[in-house]
>>> print(open('run31.pdb').read())   # PDB, C-alpha atoms, pLDDT in the B column
MODEL        1
ATOM      1  CA  GLU A   1     103.219 100.852  80.982  1.00 72.00           C
ATOM      2  CA  LYS A   2     100.637  98.145  80.263  1.00 76.00           C
ATOM      3  CA  VAL A   3      98.207 100.723  78.827  1.00 79.00           C
ATOM      4  CA  LYS A   4     101.001 102.178  76.664  1.00 73.00           C
ATOM      5  CA  GLU A   5     101.949  98.702  75.436  1.00 72.00           C
ATOM      6  CA  ASN A   6      98.348  97.824  74.544  1.00 78.00           C
ATOM      7  CA  PHE A   7      97.889 101.190  72.835  1.00 77.00           C
ATOM      8  CA  LEU A   8     100.982 100.651  70.661  1.00 73.00           C
ATOM      9  CA  LYS A   9      99.862  97.148  69.707  1.00 74.00           C
ATOM     10  CA  ILE A  10      96.477  98.518  68.625  1.00 82.00           C
ATOM     11  CA  ILE A  11      98.095 101.389  66.718  1.00 78.00           C
ATOM     12  CA  ASN A  12     100.511  98.961  65.062  1.00 74.00           C
ATOM     13  CA  HIS A  13      97.610  96.786  63.888  1.00 77.00           C
ATOM     14  CA  GLU A  14      95.531  99.785  62.809  1.00 82.00           C
ATOM     15  CA  ILE A  15      98.441 101.161  60.763  1.00 81.00           C
ATOM     16  CA  ARG A  16      99.369  97.866  59.114  1.00 80.00           C
ATOM     17  CA  THR A  17      95.825  96.994  58.010  1.00 85.00           C
ATOM     18  CA  PRO A  18      95.329 100.052  55.742  1.00 86.00           C
ATOM     19  CA  LEU A  19      98.947  99.806  54.575  1.00 85.00           C
ATOM     20  CA  ASN A  20      98.261  96.288  53.309  1.00 85.00           C
ATOM     21  CA  GLY A  21      95.203  97.633  51.482  1.00 87.00           C
ATOM     22  CA  ILE A  22      97.286 100.395  49.923  1.00 89.00           C
ATOM     23  CA  LEU A  23      99.938  97.900  48.834  1.00 86.00           C
ATOM     24  CA  GLY A  24      97.263  95.641  47.308  1.00 88.00           C
ATOM     25  CA  ILE A  25      95.833  98.461  45.212  1.00 89.00           C
ATOM     26  CA  HIS A  26      99.373  99.600  44.411  1.00 88.00           C
ATOM     27  CA  GLU A  27     100.199  96.154  43.022  1.00 88.00           C
ATOM     28  CA  LEU A  28      97.004  96.062  40.895  1.00 90.00           C
ATOM     29  CA  ILE A  29      97.815  99.433  39.345  1.00 91.00           C
ATOM     30  CA  LYS A  30     101.445  98.454  38.790  1.00 87.00           C
ATOM     31  CA  VAL A  31     100.531  95.198  37.033  1.00 88.00           C
ATOM     32  CA  ASN A  32      97.828  96.770  34.870  1.00 89.00           C
ATOM     33  CA  SER A  33      99.639  99.926  33.810  1.00 87.00           C
ATOM     34  CA  GLN A  34     102.330 100.416  31.200  1.00 88.00           C
ATOM     35  CA  ASP A  35     102.848 104.111  32.036  1.00 88.00           C
ATOM     36  CA  GLU A  36     106.503 104.600  33.027  1.00 88.00           C
ATOM     37  CA  GLU A  37     105.855 107.871  34.848  1.00 89.00           C
ATOM     38  CA  LEU A  38     103.107 106.208  36.873  1.00 89.00           C
ATOM     39  CA  HIS A  39     105.497 103.356  37.723  1.00 87.00           C
ATOM     40  CA  SER A  40     108.033 105.809  39.152  1.00 88.00           C
ATOM     41  CA  TYR A  41     105.293 107.330  41.329  1.00 90.00           C
ATOM     42  CA  LEU A  42     104.241 103.857  42.416  1.00 89.00           C
ATOM     43  CA  GLU A  43     107.821 103.075  43.443  1.00 87.00           C
ATOM     44  CA  MET A  44     107.897 106.207  45.609  1.00 89.00           C
ATOM     45  CA  MET A  45     104.553 105.213  47.103  1.00 90.00           C
ATOM     46  CA  GLU A  46     105.773 101.687  47.854  1.00 88.00           C
ATOM     47  CA  HIS A  47     108.924 103.057  49.474  1.00 85.00           C
ATOM     48  CA  SER A  48     106.874 105.372  51.695  1.00 88.00           C
ATOM     49  CA  VAL A  49     104.469 102.599  52.725  1.00 87.00           C
ATOM     50  CA  ASN A  50     107.380 100.300  53.566  1.00 84.00           C
ATOM     51  CA  ARG A  51     109.004 103.021  55.680  1.00 85.00           C
ATOM     52  CA  LEU A  52     105.770 103.606  57.563  1.00 86.00           C
ATOM     53  CA  GLU A  53     105.340  99.876  58.184  1.00 84.00           C
ATOM     54  CA  LYS A  54     108.932  99.599  59.421  1.00 85.00           C
ATOM     55  CA  PHE A  55     108.390 102.565  61.727  1.00 85.00           C
ATOM     56  CA  SER A  56     105.322 100.851  63.159  1.00 82.00           C
ATOM     57  CA  MET A  57     107.207  97.580  63.727  1.00 83.00           C
ATOM     58  CA  ASP A  58     110.178  99.415  65.252  1.00 86.00           C
ATOM     59  CA  ALA A  59     107.930 101.321  67.658  1.00 82.00           C
ATOM     60  CA  LEU A  60     106.303  98.096  68.815  1.00 80.00           C
ATOM     61  CA  PHE A  61     109.652  96.301  69.217  1.00 85.00           C
ATOM     62  CA  LEU A  62     111.214  99.195  71.127  1.00 84.00           C
ATOM     63  CA  THR A  63     108.168  99.357  73.395  1.00 80.00           C
ATOM     64  CA  GLU A  64     108.515  95.643  74.136  1.00 81.00           C
ATOM     65  CA  LEU A  65     112.148  96.247  75.055  1.00 85.00           C
ATOM     66  CA  LYS A  66     111.414  99.296  77.195  1.00 82.00           C
ATOM     67  CA  THR A  67     108.511  97.705  79.088  1.00 78.00           C
ATOM     68  CA  GLY A  68     110.374  94.468  79.749  1.00 80.00           C
ATOM     69  CA  MET A  69     107.920  92.431  77.650  1.00 78.00           C
ATOM     70  CA  TYR A  70     110.708  91.213  75.387  1.00 85.00           C
ATOM     71  CA  ARG A  71     112.422  88.104  76.711  1.00 88.00           C
ATOM     72  CA  VAL A  72     116.102  87.970  75.834  1.00 92.00           C
ATOM     73  CA  HIS A  73     117.224  84.575  74.563  1.00 94.00           C
ATOM     74  CA  VAL A  74     121.017  84.234  74.496  1.00 96.00           C
ATOM     75  CA  GLU A  75     122.440  81.626  72.134  1.00 95.00           C
ATOM     76  CA  SER A  76     125.680  80.874  70.283  1.00 94.00           C
ATOM     77  CA  LEU A  77     125.594  82.397  66.810  1.00 92.00           C
ATOM     78  CA  SER A  78     127.936  82.544  63.837  1.00 90.00           C
ATOM     79  CA  VAL A  79     128.604  86.216  63.125  1.00 88.00           C
ATOM     80  CA  GLY A  80     129.041  85.650  59.379  1.00 87.00           C
ATOM     81  CA  GLU A  81     125.832  83.629  59.058  1.00 90.00           C
ATOM     82  CA  LEU A  82     123.861  86.191  61.054  1.00 91.00           C
ATOM     83  CA  ILE A  83     125.094  89.035  58.841  1.00 90.00           C
ATOM     84  CA  ALA A  84     124.243  87.034  55.698  1.00 90.00           C
ATOM     85  CA  GLN A  85     120.720  86.355  57.035  1.00 91.00           C
ATOM     86  CA  THR A  86     120.274  90.020  57.924  1.00 92.00           C
ATOM     87  CA  LEU A  87     121.264  91.041  54.380  1.00 92.00           C
ATOM     88  CA  MET A  88     118.661  88.793  52.694  1.00 92.00           C
ATOM     89  CA  PRO A  89     115.699  91.224  52.844  1.00 89.00           C
ATOM     90  CA  TYR A  90     117.884  93.898  51.248  1.00 90.00           C
ATOM     91  CA  GLU A  91     119.089  91.810  48.275  1.00 92.00           C
ATOM     92  CA  SER A  92     116.842  93.452  45.682  1.00 87.00           C
ATOM     93  CA  MET A  93     117.719  96.941  46.964  1.00 86.00           C
ATOM     94  CA  ILE A  94     121.419  96.048  46.805  1.00 92.00           C
ATOM     95  CA  ARG A  95     121.073  94.630  43.295  1.00 91.00           C
ATOM     96  CA  GLU A  96     119.017  97.584  41.984  1.00 88.00           C
ATOM     97  CA  ALA A  97     121.543 100.107  43.324  1.00 89.00           C
ATOM     98  CA  GLY A  98     124.465  98.121  41.926  1.00 93.00           C
ATOM     99  CA  ILE A  99     126.041  98.113  45.369  1.00 94.00           C
ATOM    100  CA  PHE A 100     128.595  95.447  46.178  1.00 93.00           C
ATOM    101  CA  ILE A 101     128.935  93.887  49.618  1.00 92.00           C
ATOM    102  CA  HIS A 102     132.432  92.777  50.587  1.00 91.00           C
ATOM    103  CA  PHE A 103     132.870  90.606  53.679  1.00 85.00           C
ATOM    104  CA  GLU A 104     136.015  90.615  55.780  1.00 85.00           C
ATOM    105  CA  ILE A 105     134.646  88.583  58.663  1.00 80.00           C
ATOM    106  CA  GLN A 106     136.711  86.116  60.652  1.00 76.00           C
ATOM    107  CA  GLN A 107     134.929  82.937  61.648  1.00 80.00           C
ATOM    108  CA  ALA A 108     133.565  83.795  65.058  1.00 82.00           C
ATOM    109  CA  THR A 109     130.773  82.700  67.334  1.00 87.00           C
ATOM    110  CA  ILE A 110     129.142  85.093  69.747  1.00 89.00           C
ATOM    111  CA  HIS A 111     126.677  84.639  72.568  1.00 92.00           C
ATOM    112  CA  THR A 112     123.779  87.047  72.142  1.00 93.00           C
ATOM    113  CA  ASP A 113     120.096  87.420  71.389  1.00 94.00           C
ATOM    114  CA  ARG A 114     119.541  86.798  67.665  1.00 93.00           C
ATOM    115  CA  ASN A 115     116.642  89.262  67.274  1.00 91.00           C
ATOM    116  CA  LEU A 116     118.372  92.112  69.078  1.00 93.00           C
ATOM    117  CA  LEU A 117     121.562  91.735  67.073  1.00 92.00           C
ATOM    118  CA  ARG A 118     119.658  91.372  63.770  1.00 92.00           C
ATOM    119  CA  TYR A 119     117.669  94.493  64.607  1.00 92.00           C
ATOM    120  CA  SER A 120     120.882  96.440  65.234  1.00 92.00           C
ATOM    121  CA  LEU A 121     122.638  95.036  62.161  1.00 92.00           C
ATOM    122  CA  GLY A 122     119.568  95.741  60.022  1.00 91.00           C
ATOM    123  CA  ASN A 123     119.616  99.395  61.024  1.00 91.00           C
ATOM    124  CA  LEU A 124     123.341  99.646  60.248  1.00 92.00           C
ATOM    125  CA  ILE A 125     122.837  97.960  56.868  1.00 92.00           C
ATOM    126  CA  GLU A 126     119.896 100.223  55.985  1.00 89.00           C
ATOM    127  CA  ASN A 127     121.939 103.311  56.828  1.00 92.00           C
ATOM    128  CA  ALA A 128     124.880 102.041  54.803  1.00 93.00           C
ATOM    129  CA  LEU A 129     122.633 101.325  51.801  1.00 91.00           C
ATOM    130  CA  TYR A 130     120.928 104.699  52.068  1.00 89.00           C
ATOM    131  CA  HIS A 131     124.232 106.605  52.173  1.00 92.00           C
ATOM    132  CA  THR A 132     126.264 104.518  49.714  1.00 93.00           C
ATOM    133  CA  PRO A 133     126.356 105.874  46.155  1.00 94.00           C
ATOM    134  CA  ARG A 134     125.275 103.604  43.323  1.00 92.00           C
ATOM    135  CA  HIS A 135     127.898 101.119  42.109  1.00 92.00           C
ATOM    136  CA  HIS A 136     130.063 101.451  45.221  1.00 94.00           C
ATOM    137  CA  THR A 137     131.082  98.840  47.778  1.00 94.00           C
ATOM    138  CA  ILE A 138     130.074  98.385  51.390  1.00 93.00           C
ATOM    139  CA  VAL A 139     132.747  96.600  53.384  1.00 92.00           C
ATOM    140  CA  ILE A 140     131.615  94.582  56.392  1.00 90.00           C
ATOM    141  CA  ARG A 141     134.650  93.929  58.529  1.00 86.00           C
ATOM    142  CA  GLY A 142     135.010  92.120  61.817  1.00 80.00           C
ATOM    143  CA  GLU A 143     137.570  90.205  63.795  1.00 76.00           C
ATOM    144  CA  LYS A 144     137.748  88.280  67.025  1.00 71.00           C
ATOM    145  CA  GLY A 145     138.579  90.305  70.090  1.00 69.00           C
ATOM    146  CA  ARG A 146     141.337  89.351  72.472  1.00 61.00           C
ATOM    147  CA  GLY A 147     138.985  88.869  75.418  1.00 57.00           C
ATOM    148  CA  LYS A 148     137.268  85.670  76.491  1.00 55.00           C
ATOM    149  CA  SER A 149     136.161  83.359  73.724  1.00 46.00           C
TER     150      SER A 149
ENDMDL
END
>>> encode(input="run31.pdb", output="structure tokens")
Amino acid sequence: EKVKENFLKIINHEIRTPLNGILGIHELIKVNSQDEELHSYLEMMEHSVNRLEKFSMDALFLTELKTGMYRVHVESLSVGELIAQTLMPYESMIREAGIFIHFEIQQATIHTDRNLLRYSLGNLIENALYHTPRHHTIVIRGEKGRGKS
């Protein structure tokens, strides 16, 4: 398990380093070019690089979970605030697609690990954004359960 963990950390680093180089060159071309067709290709390239980087980060995170290297830290969190924080990295994607986000969240506090819940919520949000047609609404709904508070 330790060898696998070290291997994934090395792979993660070795993937991210050239990706950063690709993104740097990508940005130079984007800034210095007025060609609209080239810009659409650059957007596809940026999307692919971002997906590869996310895959690398996900693989490392999941390995930390599976090998027990991740230390769970339970704390009291506001569900609404956590969802709003999780949505922040997706704001430009949401805006560009003309997607609306509608909250129907009751004020609630939960006891959980912030990173684990944000990881799960992020995956749900990404899937919702990927499968929601342009100019439609994503409804995020939640209510307090009847169990212990």
>>> resolve_selection(input="run31.pdb", expression="the PyMOL selection byres ((chain A and resi 56-60) around 12)", output="number ranges by chain")
A: 4-17, 19, 49-55, 61-67, 69-70, 116, 119-120, 122-123
>>> closest_residue(input="run31.pdb", among="A:Glu1, A:Glu96, A:Glu27, A:Glu104", to="Gly80 of chain A", atoms="all atoms listed in the file")
A:Glu104
>>> atom_distance(input="run31.pdb", atom1="atom CA of Gln106 of chain A", atom2="atom CA of Lys144 of chain A")
6.8 Å
>>> resolve_selection(input="run31.pdb", expression="the PyMOL selection byres ((chain A and resi 111) around 9)", output="PyMOL selection string")
chain A and resi 74-77+109-110+112-114
>>> atom_distance(input="run31.pdb", atom1="atom CA of Arg141 of chain A", atom2="atom CA of Ile105 of chain A")
5.3 Å
